[in-house]
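Below is run29.txt, holding compact mmCIF, C-alpha atoms.
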# COMPACT_ATOMS: atom_id res chain seq x y z
CA MET A 1 0.00 0.00 0.00
CA ILE A 2 2.74 2.47 0.98
CA GLU A 3 4.80 1.79 -2.16
CA SER A 4 1.71 2.35 -4.28
CA LEU A 5 0.91 5.61 -2.45
CA LYS A 6 4.47 6.86 -2.88
CA ARG A 7 4.19 6.30 -6.61
CA VAL A 8 0.90 8.23 -6.70
CA PHE A 9 2.43 10.98 -4.53
CA GLY A 10 5.26 11.40 -7.05
CA GLU A 11 2.79 11.57 -9.93
CA ARG A 12 0.51 14.10 -8.20
CA PHE A 13 3.08 16.30 -6.50
CA GLY A 14 6.14 16.11 -8.75
CA SER A 15 8.50 13.99 -6.64
CA THR A 16 8.73 11.98 -3.43
CA GLU A 17 11.71 13.89 -2.07
CA GLY A 18 11.18 14.67 1.62
CA ALA A 19 7.91 12.69 1.76
CA ARG A 20 7.19 10.72 4.96
CA GLU A 21 5.00 7.69 5.60
CA PHE A 22 2.22 7.31 8.18
CA PHE A 23 -0.44 4.81 9.27
CA ALA A 24 -3.53 4.74 11.48
CA PRO A 25 -5.56 1.56 11.95
CA GLY A 26 -9.26 0.91 11.87
CA ARG A 27 -10.84 -0.35 15.05
CA VAL A 28 -13.44 -2.82 16.18
CA ASN A 29 -15.28 -2.62 19.49
CA LEU A 30 -15.62 -6.03 21.12
CA ILE A 31 -18.27 -4.90 23.63
CA GLY A 32 -19.53 -1.63 25.11
CA GLU A 33 -21.62 -0.03 22.38
CA HIS A 34 -23.16 3.44 22.60
CA THR A 35 -21.68 3.75 26.09
CA ASP A 36 -18.81 6.11 25.20
CA TYR A 37 -20.85 9.32 24.98
CA ASN A 38 -22.80 8.17 28.05
CA GLY A 39 -19.68 8.23 30.21
CA GLY A 40 -19.33 4.47 30.32
CA ASN A 41 -16.74 1.82 29.50
CA VAL A 42 -15.81 0.45 26.09
CA PHE A 43 -13.53 -2.40 25.01
CA PRO A 44 -12.14 -1.74 21.52
CA CYS A 45 -8.97 -2.84 19.76
CA ALA A 46 -7.00 -1.53 16.80
CA LEU A 47 -6.89 -3.62 13.63
CA ASP A 48 -3.90 -4.33 11.39
CA PHE A 49 -5.51 -2.57 8.42
CA GLY A 50 -6.42 1.07 8.16
CA THR A 51 -5.39 4.36 6.57
CA TYR A 52 -1.94 4.88 5.06
CA ALA A 53 -0.60 8.30 4.11
CA VAL A 54 2.42 9.82 2.42
CA ALA A 55 2.93 13.46 3.39
CA ARG A 56 5.31 16.37 2.91
CA ARG A 57 5.47 19.90 4.26
CA ARG A 58 5.20 22.78 1.78
CA GLU A 59 6.85 26.20 1.86
CA ASP A 60 3.64 28.12 1.05
CA ARG A 61 0.28 28.12 2.87
CA ILE A 62 -1.53 25.75 0.51
CA VAL A 63 -2.80 22.31 1.55
CA LYS A 64 -3.26 19.66 -1.15
CA LEU A 65 -5.01 16.39 -0.30
CA TYR A 66 -5.63 13.39 -2.53
CA SER A 67 -7.16 9.98 -1.76
CA VAL A 68 -6.74 6.90 -3.94
CA ASN A 69 -10.10 5.75 -2.51
CA PHE A 70 -11.84 8.77 -4.07
CA GLU A 71 -9.83 9.18 -7.29
CA ASP A 72 -12.69 10.79 -9.18
CA LEU A 73 -12.73 13.74 -6.76
CA GLY A 74 -9.14 14.69 -7.63
CA VAL A 75 -6.83 16.83 -5.49
CA MET A 76 -8.57 18.92 -2.81
CA GLU A 77 -6.82 22.24 -2.40
CA PHE A 78 -7.27 25.03 0.16
CA SER A 79 -5.28 27.50 2.24
CA VAL A 80 -4.44 27.09 5.94
CA ASP A 81 -6.26 30.42 6.28
CA GLU A 82 -9.51 29.07 4.80
CA LEU A 83 -10.62 26.13 6.92
CA ILE A 84 -14.32 25.84 6.13
CA ASN A 85 -16.40 22.67 5.87
CA LYS A 86 -17.37 22.55 2.18
CA ARG A 87 -19.70 19.87 0.83
CA GLU A 88 -17.69 19.60 -2.39
CA HIS A 89 -14.56 18.76 -0.37
CA ASP A 90 -16.30 15.54 0.74
CA TRP A 91 -13.84 13.21 2.58
CA ALA A 92 -11.20 15.96 2.79
CA ASN A 93 -13.30 17.80 5.37
CA TYR A 94 -12.05 15.25 7.95
CA PRO A 95 -8.34 16.14 7.70
CA LYS A 96 -9.28 19.79 7.17
CA GLY A 97 -11.26 19.67 10.43
CA VAL A 98 -8.26 18.26 12.29
CA LEU A 99 -6.05 21.06 10.98
CA ASP A 100 -8.67 23.61 12.05
CA ILE A 101 -8.83 22.22 15.61
CA PHE A 102 -5.02 22.10 15.91
CA ARG A 103 -4.74 25.74 14.87
CA ARG A 104 -7.62 26.83 17.12
CA SER A 105 -5.92 24.98 19.99
CA GLY A 106 -2.89 27.23 19.61
CA TYR A 107 -0.55 25.02 17.60
CA SER A 108 1.58 26.95 15.13
CA ILE A 109 0.92 25.55 11.66
CA GLU A 110 1.65 28.35 9.23
CA ASN A 111 2.80 26.28 6.25
CA GLY A 112 0.76 24.09 3.97
CA PHE A 113 1.42 20.43 3.23
CA GLU A 114 0.46 17.76 0.72
CA VAL A 115 -0.82 14.26 1.45
CA VAL A 116 -1.85 11.19 -0.48
CA TYR A 117 -4.16 8.96 1.58
CA GLY A 118 -5.13 5.38 0.88
CA GLY A 119 -7.08 3.02 3.08
CA ASN A 120 -8.21 -0.58 3.15
CA ILE A 121 -11.02 -0.04 5.65
CA PRO A 122 -14.35 -0.56 3.84
CA ASN A 123 -16.10 2.84 3.70
CA GLY A 124 -19.31 2.94 5.70
CA ALA A 125 -18.61 -0.41 7.37
CA GLY A 126 -18.46 1.02 10.88
CA LEU A 127 -14.77 0.19 11.39
CA SER A 128 -13.95 3.88 11.74
CA SER A 129 -12.51 4.96 8.42
CA SER A 130 -13.27 8.61 9.25
CA ALA A 131 -11.62 8.49 12.69
CA SER A 132 -8.64 6.70 11.14
CA ILE A 133 -8.20 9.57 8.64
CA GLU A 134 -8.50 12.09 11.49
CA VAL A 135 -5.93 10.40 13.71
CA VAL A 136 -3.40 9.77 10.93
CA THR A 137 -3.72 13.48 10.05
CA SER A 138 -3.03 14.36 13.70
CA VAL A 139 0.17 12.30 13.59
CA ILE A 140 1.16 13.93 10.28
CA LEU A 141 0.72 17.43 11.77
CA LYS A 142 2.68 16.54 14.90
CA GLU A 143 5.61 15.12 12.95
CA LEU A 144 5.76 17.56 10.00
CA PHE A 145 5.51 20.62 12.23
CA GLU A 146 7.42 19.20 15.23
CA LEU A 147 4.56 19.89 17.64
CA GLU A 148 4.76 19.19 21.36
CA ASN A 149 1.62 17.17 21.92
CA THR A 150 0.85 13.67 23.19
CA MET A 151 -1.17 10.98 21.47
CA ILE A 152 -3.99 11.61 23.97
CA ASP A 153 -3.99 15.28 22.88
CA ALA A 154 -4.16 14.15 19.25
CA VAL A 155 -7.03 11.78 20.06
CA LYS A 156 -9.01 14.55 21.77
CA MET A 157 -8.47 17.00 18.91
CA SER A 158 -9.46 14.35 16.36
CA GLN A 159 -12.72 13.82 18.25
CA ARG A 160 -13.31 17.57 18.39
CA ALA A 161 -12.83 17.74 14.60
CA GLU A 162 -15.62 15.19 14.18
CA ASN A 163 -17.89 16.95 16.70
CA GLU A 164 -17.29 20.60 15.83
CA PHE A 165 -16.18 20.63 12.19
CA ILE A 166 -18.01 17.62 10.73
CA GLY A 167 -21.02 17.88 13.03
CA VAL A 168 -21.21 14.27 14.22
CA ASN A 169 -21.67 14.11 17.98
CA CYS A 170 -19.46 11.02 18.45
CA GLY A 171 -17.81 9.91 21.66
CA ILE A 172 -14.06 9.47 21.99
CA MET A 173 -13.79 5.68 21.64
CA ASP A 174 -12.95 5.46 17.93
CA GLN A 175 -10.15 7.99 17.97
CA PHE A 176 -8.80 6.64 21.27
CA ALA A 177 -8.60 3.03 20.08
CA ILE A 178 -6.96 4.11 16.81
CA GLY A 179 -4.40 6.34 18.50
CA MET A 180 -3.64 4.17 21.52
CA GLY A 181 -3.99 0.64 20.12
CA ARG A 182 -1.52 -2.06 21.08
CA ARG A 183 -0.81 -5.31 19.26
CA ASN A 184 -2.75 -8.33 20.61
CA ASN A 185 -4.48 -6.16 23.25
CA ALA A 186 -7.88 -4.58 23.62
CA ILE A 187 -8.32 -1.40 25.68
CA LEU A 188 -10.72 -1.06 28.57
CA LEU A 189 -11.45 2.67 28.44
CA ASP A 190 -13.54 4.63 30.91
CA CYS A 191 -14.91 7.35 28.63
CA ASN A 192 -15.85 9.51 31.60
CA THR A 193 -12.31 9.80 33.02
CA LEU A 194 -10.19 8.53 30.07
CA GLU A 195 -8.57 6.05 32.45
CA TYR A 196 -7.55 3.01 30.45
CA THR A 197 -5.93 -0.38 30.83
CA TYR A 198 -4.65 -2.78 28.20
CA SER A 199 -6.07 -6.27 28.34
CA GLU A 200 -4.35 -9.06 26.46
CA LEU A 201 -6.67 -10.94 24.13
CA LYS A 202 -6.03 -14.48 25.30
CA LEU A 203 -7.79 -16.34 22.51
CA GLU A 204 -5.98 -19.61 21.91
CA ASP A 205 -8.63 -21.77 20.25
CA GLU A 206 -10.74 -18.87 18.94
CA VAL A 207 -10.39 -15.91 16.60
CA VAL A 208 -12.21 -12.60 16.15
CA VAL A 209 -14.18 -12.50 12.89
CA ILE A 210 -15.64 -9.25 11.52
CA ALA A 211 -18.48 -9.47 9.02
CA ASN A 212 -19.53 -6.49 6.92
CA THR A 213 -23.24 -6.39 6.06
CA ASN A 214 -22.40 -4.24 3.02
CA LYS A 215 -25.39 -2.10 3.86
CA ARG A 216 -23.98 1.41 3.73
CA ARG A 217 -24.62 3.69 6.65
CA GLY A 218 -23.62 7.28 7.28
CA LEU A 219 -23.14 8.42 10.88
CA ALA A 220 -24.11 12.04 10.38
CA ASP A 221 -27.49 11.29 8.85
CA SER A 222 -28.26 8.17 10.91
CA LYS A 223 -30.20 8.22 14.16
CA TYR A 224 -26.94 8.52 16.11
CA ASN A 225 -27.50 12.10 17.26
CA GLU A 226 -31.13 11.26 18.04
CA ARG A 227 -30.08 8.43 20.39
CA ARG A 228 -27.59 10.71 22.07
CA GLY A 229 -30.34 13.28 22.66
CA GLU A 230 -32.64 10.64 24.17
CA CYS A 231 -29.91 9.60 26.61
CA GLU A 232 -29.19 13.22 27.53
CA ARG A 233 -32.89 13.78 28.29
CA ALA A 234 -32.95 10.69 30.49
CA LEU A 235 -29.82 11.86 32.31
CA GLU A 236 -31.33 15.31 32.98
CA LYS A 237 -34.39 13.70 34.55
CA LEU A 238 -32.29 11.37 36.70
CA GLN A 239 -30.14 14.32 37.82
CA GLU A 240 -33.25 15.89 39.36
CA LYS A 241 -33.24 13.02 41.86
CA ILE A 242 -29.66 11.74 42.14
CA GLU A 243 -26.24 13.37 41.85
CA ILE A 244 -24.58 11.94 38.75
CA GLY A 245 -22.64 13.39 35.83
CA ALA A 246 -23.22 10.58 33.34
CA LEU A 247 -25.35 7.45 32.89
CA GLY A 248 -22.15 5.40 33.08
CA GLU A 249 -21.84 6.26 36.77
CA LEU A 250 -24.97 4.27 37.65
CA SER A 251 -25.07 0.68 38.82
CA ILE A 252 -27.94 -1.48 37.57
CA GLU A 253 -29.53 -1.34 41.03
CA GLU A 254 -29.34 2.48 41.15
CA PHE A 255 -30.88 2.72 37.70
CA GLU A 256 -33.73 0.33 38.49
CA SER A 257 -34.63 2.12 41.71
CA ASN A 258 -34.67 5.59 40.09
CA LYS A 259 -35.73 5.03 36.47
CA GLU A 260 -39.36 6.07 37.03
CA VAL A 261 -38.30 9.75 37.15
CA ILE A 262 -37.37 9.61 33.44
CA GLY A 263 -41.10 9.55 32.68
CA ASN A 264 -40.76 8.55 29.02
CA GLU A 265 -40.76 4.90 27.98
CA THR A 266 -38.44 5.37 24.98
CA ASP A 267 -35.88 7.44 26.88
CA THR A 268 -35.99 4.91 29.74
CA ARG A 269 -35.11 2.04 27.37
CA ARG A 270 -32.25 4.04 25.86
CA ALA A 271 -30.84 4.79 29.33
CA LYS A 272 -31.34 1.16 30.38
CA HIS A 273 -29.15 0.03 27.51
CA ALA A 274 -26.41 2.53 28.41
CA VAL A 275 -26.35 1.40 32.07
CA TYR A 276 -26.66 -2.36 31.50
CA GLU A 277 -24.17 -2.34 28.59
CA ASN A 278 -21.62 -0.53 30.73
CA GLN A 279 -21.86 -3.21 33.43
CA ARG A 280 -21.78 -5.96 30.80
CA THR A 281 -18.51 -4.55 29.49
CA LEU A 282 -16.85 -4.70 32.89
CA LYS A 283 -18.06 -8.28 33.39
CA ALA A 284 -16.82 -9.26 29.92
CA VAL A 285 -13.32 -7.91 30.51
CA GLU A 286 -13.18 -9.75 33.84
CA ALA A 287 -14.31 -12.96 32.13
CA LEU A 288 -11.57 -12.61 29.53
CA LYS A 289 -8.97 -12.04 32.26
CA ASN A 290 -10.11 -15.27 33.87
CA GLY A 291 -9.88 -17.14 30.58
CA ASP A 292 -13.66 -17.61 30.46
CA VAL A 293 -14.20 -17.01 26.74
CA GLU A 294 -17.62 -18.70 26.87
CA LYS A 295 -18.91 -16.11 29.35
CA PHE A 296 -17.43 -13.32 27.24
CA GLY A 297 -19.36 -14.68 24.24
CA LYS A 298 -22.61 -14.89 26.21
CA LEU A 299 -22.25 -11.22 27.20
CA MET A 300 -21.64 -10.30 23.54
CA ASN A 301 -24.95 -11.98 22.65
CA GLU A 302 -26.75 -10.10 25.45
CA SER A 303 -25.22 -6.86 24.15
CA HIS A 304 -26.75 -7.41 20.72
CA VAL A 305 -30.19 -8.16 22.17
CA SER A 306 -30.05 -4.90 24.14
CA LEU A 307 -28.92 -2.93 21.08
CA ARG A 308 -31.77 -4.49 19.10
CA ASP A 309 -34.59 -4.17 21.63
CA ASP A 310 -33.74 -1.28 23.97
CA TYR A 311 -31.51 0.94 21.83
CA GLU A 312 -33.04 0.00 18.45
CA VAL A 313 -29.95 0.56 16.31
CA THR A 314 -29.54 -2.82 14.61
CA GLY A 315 -31.90 -3.30 11.65
CA ARG A 316 -32.69 -6.27 9.46
CA GLU A 317 -29.24 -6.83 7.98
CA LEU A 318 -27.31 -6.78 11.26
CA ASP A 319 -29.92 -8.94 13.00
CA THR A 320 -29.88 -11.48 10.16
CA LEU A 321 -26.10 -11.74 10.22
CA VAL A 322 -25.94 -12.08 14.03
CA GLU A 323 -28.78 -14.61 14.18
CA ALA A 324 -27.09 -16.73 11.50
CA ALA A 325 -23.87 -16.59 13.56
CA TRP A 326 -25.72 -17.61 16.75
CA LYS A 327 -26.95 -20.76 15.00
CA HIS A 328 -23.46 -21.87 14.02
CA GLU A 329 -21.85 -24.34 16.43
CA GLY A 330 -18.47 -22.65 16.08
CA THR A 331 -19.74 -19.31 17.41
CA VAL A 332 -18.81 -18.37 20.97
CA GLY A 333 -20.54 -14.97 20.73
CA SER A 334 -21.70 -12.47 18.12
CA ARG A 335 -23.04 -8.92 18.08
CA MET A 336 -23.28 -5.79 15.99
CA THR A 337 -20.38 -3.39 16.44
CA GLY A 338 -20.19 0.32 15.72
CA ALA A 339 -23.02 2.82 15.49
CA GLY A 340 -25.49 0.40 13.89
CA PHE A 341 -28.00 0.73 11.05
CA GLY A 342 -25.73 -1.38 8.87
CA GLY A 343 -21.99 -1.76 9.15
CA CYS A 344 -20.40 -4.77 10.81
CA THR A 345 -20.82 -7.58 13.27
CA VAL A 346 -18.04 -8.97 15.44
CA SER A 347 -17.95 -12.63 16.43
CA ILE A 348 -15.69 -14.89 18.42
CA VAL A 349 -15.43 -18.14 16.48
CA ARG A 350 -13.62 -21.41 17.16
CA ARG A 351 -10.47 -21.37 15.08
CA ASP A 352 -11.04 -24.79 13.51
CA MET A 353 -14.53 -23.82 12.34
CA VAL A 354 -13.86 -20.41 10.78
CA ALA A 355 -14.09 -21.56 7.14
CA ASP A 356 -17.38 -23.33 7.79
CA PHE A 357 -18.68 -20.32 9.74
CA ILE A 358 -17.94 -17.96 6.85
CA GLU A 359 -19.51 -20.30 4.31
CA ARG A 360 -22.72 -21.06 6.20
CA VAL A 361 -23.34 -17.66 7.79
CA GLY A 362 -22.58 -15.95 4.47
CA THR A 363 -25.00 -18.23 2.58
CA GLU A 364 -27.86 -17.71 5.04
CA TYR A 365 -27.31 -13.95 5.02
CA ARG A 366 -27.33 -13.83 1.21
CA GLU A 367 -30.49 -15.95 0.99
CA LYS A 368 -32.37 -13.75 3.47
CA THR A 369 -31.19 -10.28 2.41
CA GLY A 370 -29.90 -10.59 -1.15
CA LEU A 371 -26.62 -9.02 -0.01
CA ASN A 372 -23.16 -10.55 0.14
CA ALA A 373 -21.32 -10.18 3.45
CA ASP A 374 -17.54 -9.75 3.54
CA PHE A 375 -15.65 -11.55 6.30
CA TYR A 376 -12.32 -10.62 7.89
CA VAL A 377 -10.35 -12.63 10.43
CA ALA A 378 -9.16 -9.76 12.60
CA ASN A 379 -5.55 -9.35 13.62
CA ILE A 380 -5.11 -6.90 16.50
CA GLY A 381 -2.48 -4.29 15.66
CA ASP A 382 -0.72 -1.21 17.01
CA GLY A 383 -2.06 2.33 17.00
CA ALA A 384 -1.36 5.33 14.74
CA ARG A 385 2.28 6.14 14.00
CA GLU A 386 4.88 7.35 11.55
CA LEU A 387 6.31 4.44 9.58
CA ARG A 388 10.08 4.67 9.70

Render the structure in this file as structure tokens.
Amino acid sequence: MIESLKRVFGERFGSTEGAREFFAPGRVNLIGEHTDYNGGNVFPCALDFGTYAVARRREDRIVKLYSVNFEDLGVMEFSVDELINKREHDWANYPKGVLDIFRRSGYSIENGFEVVYGGNIPNGAGLSSSASIEVVTSVILKELFELENTMIDAVKMSQRAENEFIGVNCGIMDQFAIGMGRRNNAILLDCNTLEYTYSELKLEDEVVVIANTNKRRGLADSKYNERRGECERALEKLQEKIEIGALGELSIEEFESNKEVIGNETDTRRAKHAVYENQRTLKAVEALKNGDVEKFGKLMNESHVSLRDDYEVTGRELDTLVEAAWKHEGTVGSRMTGAGFGGCTVSIVRRDMVADFIERVGTEYREKTGLNADFYVANIGDGARELR
């Protein structure tokens, strides 16, 4: 991928002299869905595929961005003094947003730069292609302009770019997992405090399998912001009775004994998911630590049921794919992952049954939906970095 991007960089920008190479992974969340913006815990890991970039600093104030994934859109060009979200700039608004947040945060970036991006994350699959572009851009800015900032700073600014520049009210999980990933580890992240611990994925007889429904979904125009609003309403009602800053601070018992104050059946179900899913995540990580993969799988299944029934973010394609996985004897656990309304499922599957799982689950999904699912055996990789 990098060699190919370097060739394109030379063609687009005249030469590769002084160009540097960067990478940021995609991510998959094993459990803890729609808990991040509710101040709860998540358990994601970085993947070994993602967004590659070749970049070089310029002497003027012009930024030139090109993506081999969107060849027909050509080179996007703008000045560091003109950082405005423009519809016609499409995907390039993500790196532009990161640059805008860096500059507004006081970082001195007075020169332009040129980048060729190329990724092997399926667009719209829910494996965080947009966050991957944001975080790799953060690393590019840090290295090209010799900025004094940490990866946590870069993660926070990447999230702000998505919230403030793109207008998607996402939590911090995607950017955090992509920036802070570690090979063969998942990250237990408390999204309220940003305290985190690495947890080794001790899967000896099992593997993680990601399945893409190939039903496209866009975060900004999905019901994502609507769900967030429903949870915020529920929180405000609960705060009239108990002193909490986020739904993730509640135990199941505290929620059950106070939920009547929410006064709206839909908002109550949304809050129930956030509270129960947070506790499920903690139990799942503990199960994995104890080598109890079966319990981890059972909690994954419960997570999907909650996302389907209480949070209502699954949809026919995701449900069909998960239900087909549940029927397969090689499946330890399966659930939707990501924002929902399409995108991907994540399953833990017995290693010796992976080929049969892909064949049978894929066939049932195709017969019921008319769509072909793509399957990936996930390797857990390191976070965003300059490739040296």

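Residues of protein, DNA or RNA having at least one counted atom within 10 Å of (-39.0, 13.5, 33.4), given only C-alpha atoms, are Arg233, Ala234, Leu235, Glu236, Lys237, Leu238, Gln239, Glu240, Lys259, Glu260, Val261, Ile262, Gly263, Asn264, Asp267 and Thr268 of chain A.
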
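Between Phe78 (chain A) and the residues A:Glu114, A:Glu146, A:Glu243, A:Glu11, the shortest atom-to-atom distance, using all atoms listed in the file, involves A:Glu114.
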
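Minimum atom-to-atom distances from A:Asn258, A:Thr314, A:Asn379, A:Ser334 to Glu302 (chain A) were compared using all atoms listed in the file, and the lowest value belongs to A:Ser334.
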
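Distance check against Ile133 (chain A) using only C-alpha atoms: of A:Lys64, A:Phe341, A:Val354, A:Ala384, the minimum falls on A:Ala384.
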
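We find CA of Ala186 (chain A) and CA of Val136 (chain A) to be spaced 19.7 Å apart.
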
Once you count only C-alpha atoms, what closest atom pair and distance in Å to one decimal does each residue of region 139-225 of chain A within 7 Å of region 343-347 of chain A have, with rows by chain and rising residue number, as CSV?
residue,atom,partner,partner_atom,distance
A:Val208,CA,A:Ser347,CA,5.7
A:Val209,CA,A:Ser347,CA,5.2
A:Ile210,CA,A:Val346,CA,4.6
A:Ala211,CA,A:Thr345,CA,5.2
A:Asn212,CA,A:Cys344,CA,4.3
A:Thr213,CA,A:Gly343,CA,5.7
A:Asn214,CA,A:Gly343,CA,6.6
A:Lys215,CA,A:Gly343,CA,6.3
A:Arg216,CA,A:Gly343,CA,6.6
A:Arg217,CA,A:Gly343,CA,6.5

* **Distance in Å - CA of Cys45 (chain A) versus CA of Leu371 (chain A)** => 27.2 Å

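Distances here use all atoms listed in the file; by that measure, the residue among A:Gly74, A:Gly340, A:Val322, A:Asn290 closest to Arg12 (chain A) is A:Gly74.
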
Do you know which residues are at most 9 Å from Ala53 (chain A) counting all atoms listed in the file, after dropping those on the same chain fewer than 3 positions away, and could you put them as a short mmCIF file (atom, residue, chain, number, x, y, z; two decimals) with C-alpha atoms, keeping the file's coordinate frame?
data_model
loop_
_atom_site.label_atom_id
_atom_site.label_comp_id
_atom_site.auth_asym_id
_atom_site.auth_seq_id
_atom_site.Cartn_x
_atom_site.Cartn_y
_atom_site.Cartn_z
CA ILE A 2 2.74 2.47 0.98
CA LEU A 5 0.91 5.61 -2.45
CA LYS A 6 4.47 6.86 -2.88
CA ARG A 20 7.19 10.72 4.96
CA GLU A 21 5.00 7.69 5.60
CA PHE A 22 2.22 7.31 8.18
CA PHE A 23 -0.44 4.81 9.27
CA ALA A 24 -3.53 4.74 11.48
CA SER A 67 -7.16 9.98 -1.76
CA VAL A 115 -0.82 14.26 1.45
CA VAL A 116 -1.85 11.19 -0.48
CA TYR A 117 -4.16 8.96 1.58
CA GLY A 118 -5.13 5.38 0.88
CA GLY A 119 -7.08 3.02 3.08
CA ILE A 133 -8.20 9.57 8.64
CA VAL A 136 -3.40 9.77 10.93
CA THR A 137 -3.72 13.48 10.05
CA ILE A 140 1.16 13.93 10.28
#

Generate the coordinates of N, CA and C atoms for region 283-296 of chain A; report them as a tab-separated table (two decimals), keeping the file's coordinate frame.
chain	number	residue	atom	x	y	z
A	283	LYS	N	-17.99	-6.83	33.16
A	283	LYS	CA	-18.06	-8.28	33.39
A	283	LYS	C	-17.33	-9.04	32.29
A	284	ALA	N	-17.45	-8.57	31.05
A	284	ALA	CA	-16.82	-9.26	29.92
A	284	ALA	C	-15.30	-9.21	30.01
A	285	VAL	N	-14.78	-8.05	30.39
A	285	VAL	CA	-13.32	-7.91	30.51
A	285	VAL	C	-12.81	-8.82	31.63
A	286	GLU	N	-13.55	-8.87	32.72
A	286	GLU	CA	-13.18	-9.75	33.84
A	286	GLU	C	-13.19	-11.22	33.40
A	287	ALA	N	-14.21	-11.58	32.62
A	287	ALA	CA	-14.31	-12.96	32.13
A	287	ALA	C	-13.10	-13.31	31.26
A	288	LEU	N	-12.71	-12.38	30.42
A	288	LEU	CA	-11.57	-12.61	29.53
A	288	LEU	C	-10.28	-12.77	30.34
A	289	LYS	N	-10.14	-11.93	31.38
A	289	LYS	CA	-8.97	-12.04	32.26
A	289	LYS	C	-8.88	-13.42	32.90
A	290	ASN	N	-10.05	-13.96	33.22
A	290	ASN	CA	-10.11	-15.27	33.87
A	290	ASN	C	-10.08	-16.42	32.88
A	291	GLY	N	-9.92	-16.09	31.60
A	291	GLY	CA	-9.88	-17.14	30.58
A	291	GLY	C	-11.23	-17.75	30.26
A	292	ASP	N	-12.31	-17.07	30.69
A	292	ASP	CA	-13.66	-17.61	30.46
A	292	ASP	C	-14.23	-17.01	29.16
A	293	VAL	N	-13.78	-17.54	28.04
A	293	VAL	CA	-14.20	-17.01	26.74
A	293	VAL	C	-15.69	-17.27	26.50
A	294	GLU	N	-16.20	-18.38	27.03
A	294	GLU	CA	-17.62	-18.70	26.87
A	294	GLU	C	-18.51	-17.62	27.50
A	295	LYS	N	-18.13	-17.17	28.68
A	295	LYS	CA	-18.91	-16.11	29.35
A	295	LYS	C	-18.81	-14.81	28.56
A	296	PHE	N	-17.62	-14.52	28.06
A	296	PHE	CA	-17.43	-13.32	27.24
A	296	PHE	C	-18.39	-13.37	26.05
